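Asker: File upload01.cif follows (mmCIF, C-alpha atoms and all ligand atoms):
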```
data_input
#
loop_
_atom_site.group_PDB
_atom_site.id
_atom_site.type_symbol
_atom_site.label_atom_id
_atom_site.label_comp_id
_atom_site.auth_asym_id
_atom_site.auth_seq_id
_atom_site.Cartn_x
_atom_site.Cartn_y
_atom_site.Cartn_z
ATOM 1 C CA MET A 1 -18.645 44.942 -52.718
ATOM 2 C CA LEU A 2 -21.978 45.956 -51.204
ATOM 3 C CA VAL A 3 -24.702 43.738 -52.682
ATOM 4 C CA LYS A 4 -28.096 45.475 -52.699
ATOM 5 C CA SER A 5 -30.069 42.339 -53.482
ATOM 6 C CA LEU A 6 -29.380 38.792 -54.638
ATOM 7 C CA PHE A 7 -32.032 39.482 -57.281
ATOM 8 C CA PRO A 8 -31.143 42.545 -59.361
ATOM 9 C CA GLY A 9 -32.919 41.041 -62.402
ATOM 10 C CA VAL A 10 -36.490 40.216 -63.431
ATOM 11 C CA ALA A 11 -38.495 37.402 -61.815
ATOM 12 C CA VAL A 12 -41.326 35.538 -63.575
ATOM 13 C CA ILE A 13 -43.704 33.222 -61.738
ATOM 14 C CA THR A 14 -46.483 31.080 -63.236
ATOM 15 C CA GLY A 15 -49.380 29.789 -61.107
ATOM 16 C CA ALA A 16 -48.933 32.843 -58.863
ATOM 17 C CA GLY A 17 -52.581 33.497 -58.013
ATOM 18 C CA GLY A 18 -54.053 33.065 -54.529
ATOM 19 C CA THR A 19 -52.267 31.587 -51.538
ATOM 20 C CA GLY A 20 -50.300 28.663 -52.969
ATOM 21 C CA ILE A 21 -46.634 28.072 -53.764
ATOM 22 C CA GLY A 22 -46.519 30.459 -56.752
ATOM 23 C CA ALA A 23 -47.921 33.349 -54.712
ATOM 24 C CA ALA A 24 -45.413 32.569 -51.949
ATOM 25 C CA VAL A 25 -42.576 32.615 -54.505
ATOM 26 C CA ALA A 26 -43.724 36.031 -55.793
ATOM 27 C CA ARG A 27 -43.891 37.356 -52.211
ATOM 28 C CA ALA A 28 -40.482 35.890 -51.395
ATOM 29 C CA PHE A 29 -38.900 37.652 -54.396
ATOM 30 C CA ALA A 30 -40.463 40.924 -53.228
ATOM 31 C CA ILE A 31 -39.174 40.444 -49.675
ATOM 32 C CA ALA A 32 -35.713 39.550 -51.039
ATOM 33 C CA GLY A 33 -35.513 42.900 -52.840
ATOM 34 C CA CYS A 34 -36.353 41.897 -56.419
ATOM 35 C CA GLU A 35 -37.891 45.038 -57.876
ATOM 36 C CA ARG A 36 -39.285 43.738 -61.183
ATOM 37 C CA ILE A 37 -41.693 40.815 -60.870
ATOM 38 C CA ALA A 38 -44.066 39.349 -63.474
ATOM 39 C CA ILE A 39 -46.840 36.979 -62.433
ATOM 40 C CA THR A 40 -49.427 34.942 -64.276
ATOM 41 C CA ASP A 41 -52.248 32.532 -63.458
ATOM 42 C CA VAL A 42 -55.261 31.125 -65.290
ATOM 43 C CA ASN A 43 -57.484 32.631 -62.577
ATOM 44 C CA PRO A 44 -57.632 36.449 -62.956
ATOM 45 C CA GLN A 45 -59.307 36.966 -59.552
ATOM 46 C CA THR A 46 -56.657 35.147 -57.522
ATOM 47 C CA LEU A 47 -53.922 36.724 -59.649
ATOM 48 C CA GLU A 48 -55.278 40.154 -58.721
ATOM 49 C CA GLN A 49 -55.263 39.068 -55.070
ATOM 50 C CA THR A 50 -51.488 38.350 -55.288
ATOM 51 C CA GLU A 51 -50.880 41.566 -57.215
ATOM 52 C CA LYS A 52 -52.688 43.670 -54.610
ATOM 53 C CA ALA A 53 -50.959 41.981 -51.659
ATOM 54 C CA ILE A 54 -47.483 42.553 -53.123
ATOM 55 C CA THR A 55 -47.998 46.124 -54.290
ATOM 56 C CA ALA A 56 -49.602 47.075 -50.947
ATOM 57 C CA ALA A 57 -46.596 45.757 -49.025
ATOM 58 C CA HIS A 58 -43.850 46.903 -51.456
ATOM 59 C CA SER A 59 -44.502 50.268 -53.116
ATOM 60 C CA ASN A 60 -41.053 50.179 -54.808
ATOM 61 C CA ILE A 61 -41.834 47.081 -56.863
ATOM 62 C CA LYS A 62 -42.834 47.145 -60.511
ATOM 63 C CA LEU A 63 -45.303 44.292 -60.890
ATOM 64 C CA PHE A 64 -46.578 42.999 -64.223
ATOM 65 C CA ALA A 65 -49.627 40.732 -63.910
ATOM 66 C CA HIS A 66 -51.300 39.063 -66.871
ATOM 67 C CA SER A 67 -53.719 36.125 -66.646
ATOM 68 C CA GLY A 68 -53.853 33.217 -69.074
ATOM 69 C CA ASN A 69 -53.557 29.492 -69.639
ATOM 70 C CA ILE A 70 -49.960 28.218 -69.702
ATOM 71 C CA ALA A 71 -51.112 25.061 -71.517
ATOM 72 C CA ASP A 72 -51.862 27.327 -74.498
ATOM 73 C CA ASP A 73 -48.634 27.677 -76.492
ATOM 74 C CA LYS A 74 -49.622 31.078 -77.865
ATOM 75 C CA PHE A 75 -50.237 32.443 -74.365
ATOM 76 C CA ALA A 76 -47.019 30.961 -72.948
ATOM 77 C CA GLU A 77 -44.998 32.684 -75.712
ATOM 78 C CA SER A 78 -46.900 35.987 -75.666
ATOM 79 C CA PHE A 79 -46.691 36.277 -71.868
ATOM 80 C CA ILE A 80 -42.888 36.089 -71.917
ATOM 81 C CA SER A 81 -42.758 38.520 -74.885
ATOM 82 C CA LYS A 82 -44.871 40.979 -72.891
ATOM 83 C CA VAL A 83 -42.639 40.596 -69.811
ATOM 84 C CA ALA A 84 -39.540 41.186 -71.963
ATOM 85 C CA LYS A 85 -41.205 44.258 -73.481
ATOM 86 C CA ALA A 86 -42.146 45.622 -70.044
ATOM 87 C CA PHE A 87 -38.905 44.821 -68.195
ATOM 88 C CA GLY A 88 -36.296 44.130 -70.897
ATOM 89 C CA ARG A 89 -35.325 40.630 -69.717
ATOM 90 C CA VAL A 90 -36.201 37.474 -67.728
ATOM 91 C CA ASP A 91 -33.650 36.345 -65.128
ATOM 92 C CA TYR A 92 -35.439 34.078 -62.645
ATOM 93 C CA ALA A 93 -38.345 31.951 -63.850
ATOM 94 C CA VAL A 94 -40.281 29.776 -61.423
ATOM 95 C CA ASN A 95 -42.899 27.559 -63.063
ATOM 96 C CA CYS A 96 -45.493 26.699 -60.422
ATOM 97 C CA ALA A 97 -48.769 26.352 -62.369
ATOM 98 C CA GLY A 98 -50.235 22.897 -61.895
ATOM 99 C CA VAL A 99 -53.301 20.788 -61.110
ATOM 100 C CA LEU A 100 -53.784 17.620 -59.077
ATOM 101 C CA GLY A 101 -56.186 15.648 -61.258
ATOM 102 C CA VAL A 102 -59.145 13.450 -60.352
ATOM 103 C CA PRO A 103 -58.082 10.530 -58.078
ATOM 104 C CA MET A 104 -58.314 7.327 -60.155
ATOM 105 C CA ARG A 105 -56.286 4.288 -61.156
ATOM 106 C CA SER A 106 -55.112 4.133 -64.767
ATOM 107 C CA GLY A 107 -57.944 1.806 -65.789
ATOM 108 C CA GLU A 108 -60.578 4.346 -64.751
ATOM 109 C CA THR A 109 -58.699 7.445 -65.953
ATOM 110 C CA THR A 110 -60.180 8.937 -69.105
ATOM 111 C CA LEU A 111 -58.022 10.104 -71.963
ATOM 112 C CA GLU A 112 -59.406 13.617 -71.414
ATOM 113 C CA GLU A 113 -58.302 13.640 -67.758
ATOM 114 C CA PHE A 114 -54.855 12.220 -68.592
ATOM 115 C CA ASP A 115 -54.386 14.898 -71.269
ATOM 116 C CA ARG A 116 -55.701 17.706 -69.011
ATOM 117 C CA VAL A 117 -53.229 16.920 -66.213
ATOM 118 C CA ASN A 118 -50.283 16.440 -68.550
ATOM 119 C CA ASN A 119 -51.156 19.442 -70.735
ATOM 120 C CA ILE A 120 -51.034 21.743 -67.710
ATOM 121 C CA ASN A 121 -48.365 20.136 -65.521
ATOM 122 C CA TYR A 122 -45.831 18.814 -68.003
ATOM 123 C CA ARG A 123 -46.551 20.397 -71.391
ATOM 124 C CA GLY A 124 -47.451 23.743 -69.759
ATOM 125 C CA CYS A 125 -44.227 23.714 -67.768
ATOM 126 C CA TRP A 126 -42.285 22.910 -70.932
ATOM 127 C CA LEU A 127 -44.063 25.655 -72.925
ATOM 128 C CA SER A 128 -43.326 28.183 -70.155
ATOM 129 C CA SER A 129 -39.690 27.196 -69.733
ATOM 130 C CA ARG A 130 -39.163 27.040 -73.493
ATOM 131 C CA ALA A 131 -40.335 30.654 -73.855
ATOM 132 C CA GLN A 132 -38.210 31.705 -70.854
ATOM 133 C CA LEU A 133 -35.069 29.949 -72.150
ATOM 134 C CA LYS A 134 -35.465 31.557 -75.582
ATOM 135 C CA GLN A 135 -35.694 34.999 -73.960
ATOM 136 C CA MET A 136 -32.709 34.303 -71.677
ATOM 137 C CA LEU A 137 -30.556 33.437 -74.706
ATOM 138 C CA GLU A 138 -31.222 36.929 -76.091
ATOM 139 C CA GLN A 139 -29.909 38.794 -73.051
ATOM 140 C CA ASP A 140 -26.504 39.639 -71.562
ATOM 141 C CA PRO A 141 -25.653 37.835 -68.299
ATOM 142 C CA LEU A 142 -25.910 39.701 -65.008
ATOM 143 C CA PRO A 143 -22.903 39.718 -62.652
ATOM 144 C CA SER A 144 -22.910 37.306 -59.707
ATOM 145 C CA HIS A 145 -23.274 38.579 -56.138
ATOM 146 C CA ASP A 146 -19.711 37.218 -55.759
ATOM 147 C CA PRO A 147 -17.352 38.719 -58.376
ATOM 148 C CA SER A 148 -15.225 35.549 -58.380
ATOM 149 C CA ARG A 149 -18.114 33.527 -59.817
ATOM 150 C CA PRO A 150 -19.411 33.518 -63.408
ATOM 151 C CA ALA A 151 -22.154 35.888 -64.486
ATOM 152 C CA GLN A 152 -25.601 34.333 -64.917
ATOM 153 C CA ARG A 153 -27.717 34.690 -68.048
ATOM 154 C CA GLY A 154 -30.762 33.205 -66.358
ATOM 155 C CA ALA A 155 -32.113 30.551 -63.998
ATOM 156 C CA VAL A 156 -35.229 28.405 -64.438
ATOM 157 C CA VAL A 157 -36.821 26.532 -61.534
ATOM 158 C CA ASN A 158 -39.616 24.110 -62.368
ATOM 159 C CA ILE A 159 -41.933 22.972 -59.597
ATOM 160 C CA ALA A 160 -42.163 19.178 -59.822
ATOM 161 C CA SER A 161 -43.203 17.106 -56.764
ATOM 162 C CA GLN A 162 -42.035 14.379 -54.410
ATOM 163 C CA LEU A 163 -44.578 12.425 -56.472
ATOM 164 C CA GLY A 164 -42.177 12.686 -59.397
ATOM 165 C CA ILE A 165 -39.804 10.493 -57.352
ATOM 166 C CA VAL A 166 -42.155 8.258 -55.363
ATOM 167 C CA SER A 167 -45.810 7.607 -56.226
ATOM 168 C CA ARG A 168 -49.108 7.511 -54.390
ATOM 169 C CA PRO A 169 -52.354 5.618 -55.046
ATOM 170 C CA ASN A 170 -54.791 6.879 -57.670
ATOM 171 C CA ALA A 171 -52.565 9.476 -59.291
ATOM 172 C CA PRO A 172 -50.844 7.938 -62.353
ATOM 173 C CA ALA A 173 -51.221 10.991 -64.607
ATOM 174 C CA TYR A 174 -50.092 13.416 -61.885
ATOM 175 C CA CYS A 175 -47.088 11.313 -60.785
ATOM 176 C CA ALA A 176 -45.989 10.826 -64.393
ATOM 177 C CA SER A 177 -46.389 14.526 -65.190
ATOM 178 C CA LYS A 178 -44.072 15.402 -62.293
ATOM 179 C CA SER A 179 -41.478 12.722 -63.214
ATOM 180 C CA ALA A 180 -41.535 14.220 -66.707
ATOM 181 C CA ILE A 181 -40.730 17.660 -65.277
ATOM 182 C CA ILE A 182 -37.682 16.210 -63.484
ATOM 183 C CA GLY A 183 -36.461 14.572 -66.718
ATOM 184 C CA MET A 184 -37.049 17.737 -68.732
ATOM 185 C CA THR A 185 -35.208 19.813 -66.120
ATOM 186 C CA ARG A 186 -32.125 17.585 -66.361
ATOM 187 C CA ALA A 187 -32.172 17.630 -70.167
ATOM 188 C CA ASP A 188 -32.468 21.438 -70.296
ATOM 189 C CA ALA A 189 -29.706 21.765 -67.683
ATOM 190 C CA ILE A 190 -27.391 19.824 -69.999
ATOM 191 C CA ASP A 191 -28.363 21.812 -73.084
ATOM 192 C CA TYR A 192 -28.198 25.329 -71.586
ATOM 193 C CA SER A 193 -25.123 25.085 -69.332
ATOM 194 C CA LYS A 194 -22.900 26.440 -72.097
ATOM 195 C CA ASP A 195 -25.131 29.525 -72.292
ATOM 196 C CA GLY A 196 -24.744 30.449 -68.623
ATOM 197 C CA ILE A 197 -28.307 29.362 -67.804
ATOM 198 C CA ARG A 198 -29.090 27.033 -64.902
ATOM 199 C CA VAL A 199 -32.202 24.831 -64.856
ATOM 200 C CA ASN A 200 -33.275 23.062 -61.654
ATOM 201 C CA CYS A 201 -36.469 21.850 -60.085
ATOM 202 C CA VAL A 202 -38.023 21.692 -56.618
ATOM 203 C CA CYS A 203 -39.945 18.603 -55.500
ATOM 204 C CA PRO A 204 -42.304 19.669 -52.708
ATOM 205 C CA GLY A 205 -43.849 17.190 -50.279
ATOM 206 C CA VAL A 206 -47.306 17.736 -48.795
ATOM 207 C CA ILE A 207 -47.706 21.517 -48.665
ATOM 208 C CA GLU A 208 -50.575 23.438 -47.110
ATOM 209 C CA THR A 209 -52.064 25.124 -50.190
ATOM 210 C CA PRO A 210 -55.515 25.362 -51.816
ATOM 211 C CA LEU A 211 -54.534 22.427 -54.096
ATOM 212 C CA ILE A 212 -54.628 20.156 -51.030
ATOM 213 C CA MET A 213 -56.848 21.997 -48.545
ATOM 214 C CA GLU A 214 -59.729 23.368 -50.648
ATOM 215 C CA LYS A 215 -61.729 20.175 -51.322
ATOM 216 C CA ALA A 216 -62.604 17.964 -48.322
ATOM 217 C CA GLU A 217 -62.109 14.678 -50.214
ATOM 218 C CA VAL A 218 -58.618 15.708 -51.383
ATOM 219 C CA ARG A 219 -57.705 17.053 -47.931
ATOM 220 C CA GLU A 220 -58.812 13.809 -46.261
ATOM 221 C CA ALA A 221 -56.964 11.632 -48.789
ATOM 222 C CA ILE A 222 -53.682 13.545 -48.831
ATOM 223 C CA THR A 223 -53.034 15.288 -45.496
ATOM 224 C CA PRO A 224 -52.487 12.000 -43.540
ATOM 225 C CA ALA A 225 -49.489 11.361 -45.850
ATOM 226 C CA ALA A 226 -47.708 14.241 -44.079
ATOM 227 C CA GLN A 227 -47.419 11.996 -41.004
ATOM 228 C CA ILE A 228 -45.246 9.528 -42.977
ATOM 229 C CA ALA A 229 -42.492 12.145 -43.209
ATOM 230 C CA PRO A 230 -40.026 12.203 -40.280
ATOM 231 C CA MET A 231 -40.965 15.841 -39.630
ATOM 232 C CA GLN A 232 -44.638 14.780 -39.330
ATOM 233 C CA ARG A 233 -46.210 17.963 -40.590
ATOM 234 C CA MET A 234 -47.264 19.670 -43.797
ATOM 235 C CA GLY A 235 -44.891 22.160 -45.335
ATOM 236 C CA LYS A 236 -45.652 25.855 -45.774
ATOM 237 C CA PRO A 237 -45.671 27.485 -49.232
ATOM 238 C CA ALA A 238 -42.928 29.859 -48.006
ATOM 239 C CA GLU A 239 -40.654 26.887 -47.246
ATOM 240 C CA VAL A 240 -40.877 25.790 -50.891
ATOM 241 C CA ALA A 241 -40.492 29.391 -52.079
ATOM 242 C CA ASP A 242 -37.196 29.798 -50.204
ATOM 243 C CA ALA A 243 -35.781 26.703 -51.939
ATOM 244 C CA ALA A 244 -36.849 28.084 -55.333
ATOM 245 C CA LEU A 245 -35.222 31.453 -54.593
ATOM 246 C CA PHE A 246 -31.969 29.787 -53.560
ATOM 247 C CA LEU A 247 -31.889 27.873 -56.865
ATOM 248 C CA CYS A 248 -32.576 31.098 -58.816
ATOM 249 C CA SER A 249 -29.858 33.049 -57.006
ATOM 250 C CA THR A 250 -26.167 33.145 -57.870
ATOM 251 C CA GLN A 251 -25.578 31.517 -54.462
ATOM 252 C CA ALA A 252 -26.574 28.335 -56.342
ATOM 253 C CA SER A 253 -24.029 29.075 -59.106
ATOM 254 C CA PHE A 254 -22.784 25.446 -59.296
ATOM 255 C CA VAL A 255 -26.190 23.760 -58.835
ATOM 256 C CA GLN A 256 -27.367 22.449 -62.189
ATOM 257 C CA GLY A 257 -30.072 19.923 -63.213
ATOM 258 C CA HIS A 258 -30.879 19.238 -59.561
ATOM 259 C CA ALA A 259 -34.227 18.008 -58.196
ATOM 260 C CA MET A 260 -34.298 19.565 -54.712
ATOM 261 C CA VAL A 261 -36.703 17.672 -52.458
ATOM 262 C CA VAL A 262 -38.485 19.839 -49.867
ATOM 263 C CA ASP A 263 -40.668 17.299 -48.092
ATOM 264 C CA GLY A 264 -39.812 17.061 -44.374
ATOM 265 C CA GLY A 265 -37.921 13.839 -45.150
ATOM 266 C CA TYR A 266 -40.889 11.991 -46.745
ATOM 267 C CA ILE A 267 -38.909 10.181 -49.443
ATOM 268 C CA THR A 268 -36.153 9.105 -47.026
ATOM 269 C CA VAL A 269 -38.348 6.611 -45.125
HETATM 270 N N1 LIG A 301 -49.410 21.559 -52.415
HETATM 271 C C1 LIG A 301 -48.689 20.461 -52.492
HETATM 272 O O1 LIG A 301 -48.731 19.602 -51.591
HETATM 273 C C2 LIG A 301 -47.783 20.233 -53.660
HETATM 274 C C3 LIG A 301 -46.858 19.194 -53.572
HETATM 275 C C4 LIG A 301 -46.000 18.969 -54.642
HETATM 276 C C5 LIG A 301 -46.062 19.763 -55.767
HETATM 277 N N2 LIG A 301 -46.980 20.757 -55.834
HETATM 278 C C6 LIG A 301 -46.983 21.561 -57.054
HETATM 279 O O2 LIG A 301 -46.785 22.912 -56.732
HETATM 280 C C7 LIG A 301 -47.377 23.731 -57.748
HETATM 281 C C8 LIG A 301 -48.223 24.784 -57.079
HETATM 282 O O3 LIG A 301 -49.327 24.135 -56.452
HETATM 283 P P1 LIG A 301 -50.010 24.675 -55.132
HETATM 284 O O4 LIG A 301 -49.987 23.596 -54.156
HETATM 285 O O5 LIG A 301 -49.467 26.005 -54.791
HETATM 286 O O6 LIG A 301 -51.519 24.772 -55.621
HETATM 287 P P2 LIG A 301 -52.439 26.007 -56.023
HETATM 288 O O7 LIG A 301 -53.667 25.396 -56.577
HETATM 289 O O8 LIG A 301 -52.529 26.972 -54.911
HETATM 290 O O9 LIG A 301 -51.582 26.712 -57.181
HETATM 291 C C9 LIG A 301 -51.585 26.294 -58.505
HETATM 292 C C10 LIG A 301 -51.907 27.499 -59.351
HETATM 293 O O10 LIG A 301 -51.792 27.137 -60.715
HETATM 294 C C11 LIG A 301 -52.843 27.774 -61.400
HETATM 295 N N3 LIG A 301 -53.121 27.061 -62.648
HETATM 296 C C12 LIG A 301 -53.754 25.866 -62.796
HETATM 297 N N4 LIG A 301 -53.856 25.578 -64.088
HETATM 298 C C13 LIG A 301 -53.277 26.591 -64.775
HETATM 299 C C14 LIG A 301 -53.079 26.868 -66.155
HETATM 300 N N5 LIG A 301 -53.525 26.033 -67.106
HETATM 301 N N6 LIG A 301 -52.454 28.022 -66.514
HETATM 302 C C15 LIG A 301 -52.016 28.876 -65.565
HETATM 303 N N7 LIG A 301 -52.187 28.676 -64.241
HETATM 304 C C16 LIG A 301 -52.800 27.540 -63.854
HETATM 305 C C17 LIG A 301 -54.023 27.730 -60.452
HETATM 306 O O11 LIG A 301 -55.015 28.683 -60.772
HETATM 307 C C18 LIG A 301 -53.338 27.987 -59.117
HETATM 308 O O12 LIG A 301 -53.333 29.356 -58.772
HETATM 309 C C19 LIG A 301 -48.161 22.777 -58.651
HETATM 310 O O13 LIG A 301 -47.394 22.521 -59.814
HETATM 311 C C20 LIG A 301 -48.293 21.519 -57.818
HETATM 312 O O14 LIG A 301 -48.409 20.369 -58.599
HETATM 313 C C21 LIG A 301 -47.830 21.023 -54.812
#
```
Give the structure from the file, written as structure tokens.
Answerer:
Amino acid sequence: MLVKSLFPGVAVITGAGGTGIGAAVARAFAIAGCERIAITDVNPQTLEQTEKAITAAHSNIKLFAHSGNIADDKFAESFISKVAKAFGRVDYAVNCAGVLGVPMRSGETTLEEFDRVNNINYRGCWLSSRAQLKQMLEQDPLPSHDPSRPAQRGAVVNIASQLGIVSRPNAPAYCASKSAIIGMTRADAIDYSKDGIRVNCVCPGVIETPLIMEKAEVREAITPAAQIAPMQRMGKPAEVADAALFLCSTQASFVQGHAMVVDGGYITV
């Protein structure tokens, strides 16, 4: 059988504005031949930047872009409803939206800051994936690229972090929010296996994105950590994107509830 693309369905990416991991995931889907892509970000300007870059490079792609806050339950639900209305279904959902948080130990962390980080990173990821899973349950599965494997009703990939597995100084709310994403991913993988839906997460190491590079104090605090990893460099957003696409594809048909670490070996030392 001639397979046109590993991604005949609809891709949805949160946190897709700008030049970070979400934008790289959206670009990677476009390069891999996915022709229906929906993107969202809280920042309309950077979202438009991603939209323009993809449509300029891939005139065949139908792109749906809609900005909003994924920590707002009404937005998270209405975004997925709009995608389903525009494209009929949601097959590959990659939840990338996230924030780093102000560097502080627990004793100095305010309740507001703890809630902000967790509302976006953990609760926002849950709200997004909950809306995606509900939509996936409504749709017929798509055939696998390999006819001997089961059809797939949908695949969710949550972006956690290596800091969901190990921790770093001054980041209790962030580290906990990413551990929570790993736990939630495993629980959803158990609950949705019977429906033909796979749920996995990617745990990136230190990746060269605006989250790390934009502010000098964050850059100076975090980039030296890249030297701890055996590969002794920062990762590229595209290297994380490729892992997310693998987990979305039917090539990963037996990968379920996995936390795939993409960190140049950081957590092995
Ligand atoms: N860069 C790294 O080293 C690294 C490492 C591990 C995990 N991560 C995770 O990867 C994901 C992507 O981060 P990145 O490094 O590409 O950073 P980034 O800042 O480039 O991307 C994050 C995006 O999320 C968006 N966003 C923030 N709050 C939002 C909200 N409430 N609603 C919707 N969108 C929102 C931002 O506008 C931004 O475009 C995050 O979840 C981050 O925690 C990053």
Asker: Of the candidates A:Ile31, A:Ala26, A:Ala84, A:Cys96, which one gets nearest to Thr50 of chain A if we count only C-alpha atoms?
Answerer: A:Ala26
Asker: Report as a CSV table (one decimal) with C-alpha atoms, in the coordinates of the input the full result of the PyMOL selection byres (((not hetatm)) within 6 of (chain A and resi 301)) when it is applied to this structure.
Answerer:
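Saved the output as selection02.csv:
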```csv
chain,number,residue,atom,x,y,z
A,15,GLY,CA,-49.4,29.8,-61.1
A,16,ALA,CA,-48.9,32.8,-58.9
A,17,GLY,CA,-52.6,33.5,-58.0
A,18,GLY,CA,-54.1,33.1,-54.5
A,19,THR,CA,-52.3,31.6,-51.5
A,20,GLY,CA,-50.3,28.7,-53.0
A,21,ILE,CA,-46.6,28.1,-53.8
A,22,GLY,CA,-46.5,30.5,-56.8
A,41,ASP,CA,-52.2,32.5,-63.5
A,42,VAL,CA,-55.3,31.1,-65.3
A,43,ASN,CA,-57.5,32.6,-62.6
A,68,GLY,CA,-53.9,33.2,-69.1
A,69,ASN,CA,-53.6,29.5,-69.6
A,70,ILE,CA,-50.0,28.2,-69.7
A,71,ALA,CA,-51.1,25.1,-71.5
A,96,CYS,CA,-45.5,26.7,-60.4
A,97,ALA,CA,-48.8,26.4,-62.4
A,98,GLY,CA,-50.2,22.9,-61.9
A,99,VAL,CA,-53.3,20.8,-61.1
A,120,ILE,CA,-51.0,21.7,-67.7
A,159,ILE,CA,-41.9,23.0,-59.6
A,160,ALA,CA,-42.2,19.2,-59.8
A,161,SER,CA,-43.2,17.1,-56.8
A,204,PRO,CA,-42.3,19.7,-52.7
A,205,GLY,CA,-43.8,17.2,-50.3
A,206,VAL,CA,-47.3,17.7,-48.8
A,207,ILE,CA,-47.7,21.5,-48.7
A,208,GLU,CA,-50.6,23.4,-47.1
A,209,THR,CA,-52.1,25.1,-50.2
A,210,PRO,CA,-55.5,25.4,-51.8
A,211,LEU,CA,-54.5,22.4,-54.1
A,212,ILE,CA,-54.6,20.2,-51.0
```
Asker: Output the residue selection produced by the PyMOL selection byres (((chain A and resi 185) around 9) and not hetatm) on the file above, formatted as a PDB file with C-alpha atoms, in the frame of the given file.
Answerer:
```
ATOM      1  CA  VAL A 156     -35.229  28.405 -64.438  1.00  0.00           C
ATOM      2  CA  VAL A 157     -36.821  26.532 -61.534  1.00  0.00           C
ATOM      3  CA  ASN A 158     -39.616  24.110 -62.368  1.00  0.00           C
ATOM      4  CA  ALA A 180     -41.535  14.220 -66.707  1.00  0.00           C
ATOM      5  CA  ILE A 181     -40.730  17.660 -65.277  1.00  0.00           C
ATOM      6  CA  ILE A 182     -37.682  16.210 -63.484  1.00  0.00           C
ATOM      7  CA  GLY A 183     -36.461  14.572 -66.718  1.00  0.00           C
ATOM      8  CA  MET A 184     -37.049  17.737 -68.732  1.00  0.00           C
ATOM      9  CA  ARG A 186     -32.125  17.585 -66.361  1.00  0.00           C
ATOM     10  CA  ALA A 187     -32.172  17.630 -70.167  1.00  0.00           C
ATOM     11  CA  ASP A 188     -32.468  21.438 -70.296  1.00  0.00           C
ATOM     12  CA  ALA A 189     -29.706  21.765 -67.683  1.00  0.00           C
ATOM     13  CA  ILE A 190     -27.391  19.824 -69.999  1.00  0.00           C
ATOM     14  CA  VAL A 199     -32.202  24.831 -64.856  1.00  0.00           C
ATOM     15  CA  ASN A 200     -33.275  23.062 -61.654  1.00  0.00           C
ATOM     16  CA  CYS A 201     -36.469  21.850 -60.085  1.00  0.00           C
ATOM     17  CA  GLY A 257     -30.072  19.923 -63.213  1.00  0.00           C
ATOM     18  CA  HIS A 258     -30.879  19.238 -59.561  1.00  0.00           C
ATOM     19  CA  ALA A 259     -34.227  18.008 -58.196  1.00  0.00           C
TER      20      ALA A 259
END
```
Asker: Quick one, how far is atom CA of Cys203 of chain A from atom CA of Lys52 of chain A?
Answerer: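 Between atom CA of Cys203 of chain A and atom CA of Lys52 of chain A the gap is 28.1 Å.
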Asker: Apply the PyMOL selection byres (((chain A and resi 139) around 9) and not hetatm) to the file shown and report the selected residues as a tab-separated table (two decimals) with C-alpha atoms, keeping the file's coordinate frame.
Answerer:
```tsv
chain	number	residue	atom	x	y	z
A	88	GLY	CA	-36.30	44.13	-70.90
A	89	ARG	CA	-35.33	40.63	-69.72
A	90	VAL	CA	-36.20	37.47	-67.73
A	135	GLN	CA	-35.69	35.00	-73.96
A	136	MET	CA	-32.71	34.30	-71.68
A	137	LEU	CA	-30.56	33.44	-74.71
A	138	GLU	CA	-31.22	36.93	-76.09
A	140	ASP	CA	-26.50	39.64	-71.56
A	141	PRO	CA	-25.65	37.84	-68.30
A	153	ARG	CA	-27.72	34.69	-68.05
A	154	GLY	CA	-30.76	33.20	-66.36
```
Asker: Calculate how many Å separate atom CA of Val218 of chain A from atom CA of Ala53 of chain A, rounding to one decimal.
Answerer: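 Computing it gives 27.4 Å between the two atoms.
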Asker: What is the atom CA of Asn118 of chain A-atom CA of Gly235 of chain A distance in Å, reported with one decimal?
Answerer: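 These atoms are spaced 24.5 Å apart.
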Asker: Measuring between only C-alpha atoms, which one of A:Tyr92, A:Val202, A:Ala238, A:Arg168 shows the shortest distance to Met104 of chain A?
Answerer: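 Of the candidates, the smallest distance to Met104 of chain A is held by A:Arg168.
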Asker: Nearest to Glu108 of chain A: which of A:Ala151, A:Val83, A:Ala171, A:Ala241 is it, counting all atoms listed in the file?
Answerer: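 Closest to Glu108 of chain A of all the choices is A:Ala171.
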Asker: Between A:Ala155, A:Asn121, A:Lys62, A:Asp195, single out the one closest to Ser179 of chain A, counting only C-alpha atoms.
Answerer: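 Of A:Ala155, A:Asn121, A:Lys62, A:Asp195, the one nearest Ser179 of chain A is A:Asn121, counting only C-alpha atoms.
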Asker: Given the point (-54.9, 14.4, -72.9) in the file's coordinates, find the residues that have an atom at most 12 Å from it, counting all atoms listed in the file, and give them as a list of chain:residue names.
Answerer: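 Selection result: A:Ala71, A:Gly101, A:Thr109, A:Thr110, A:Leu111, A:Glu112, A:Glu113, A:Phe114, A:Asp115, A:Arg116, A:Val117, A:Asn118, A:Asn119, A:Ile120, A:Asn121, A:Tyr122, A:Arg123, A:Ala173, A:Ser177.
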Asker: Go ahead and dump the residues you just picked, C-alpha atoms, as a compact mmCIF listing (two decimals), in the frame of the given file.
Answerer:
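Writing done, so here's selection_25.txt:
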```txt
# COMPACT_ATOMS: atom_id res chain seq x y z
CA ALA A 71 -51.11 25.06 -71.52
CA GLY A 101 -56.19 15.65 -61.26
CA THR A 109 -58.70 7.44 -65.95
CA THR A 110 -60.18 8.94 -69.10
CA LEU A 111 -58.02 10.10 -71.96
CA GLU A 112 -59.41 13.62 -71.41
CA GLU A 113 -58.30 13.64 -67.76
CA PHE A 114 -54.86 12.22 -68.59
CA ASP A 115 -54.39 14.90 -71.27
CA ARG A 116 -55.70 17.71 -69.01
CA VAL A 117 -53.23 16.92 -66.21
CA ASN A 118 -50.28 16.44 -68.55
CA ASN A 119 -51.16 19.44 -70.74
CA ILE A 120 -51.03 21.74 -67.71
CA ASN A 121 -48.36 20.14 -65.52
CA TYR A 122 -45.83 18.81 -68.00
CA ARG A 123 -46.55 20.40 -71.39
CA ALA A 173 -51.22 10.99 -64.61
CA SER A 177 -46.39 14.53 -65.19
```
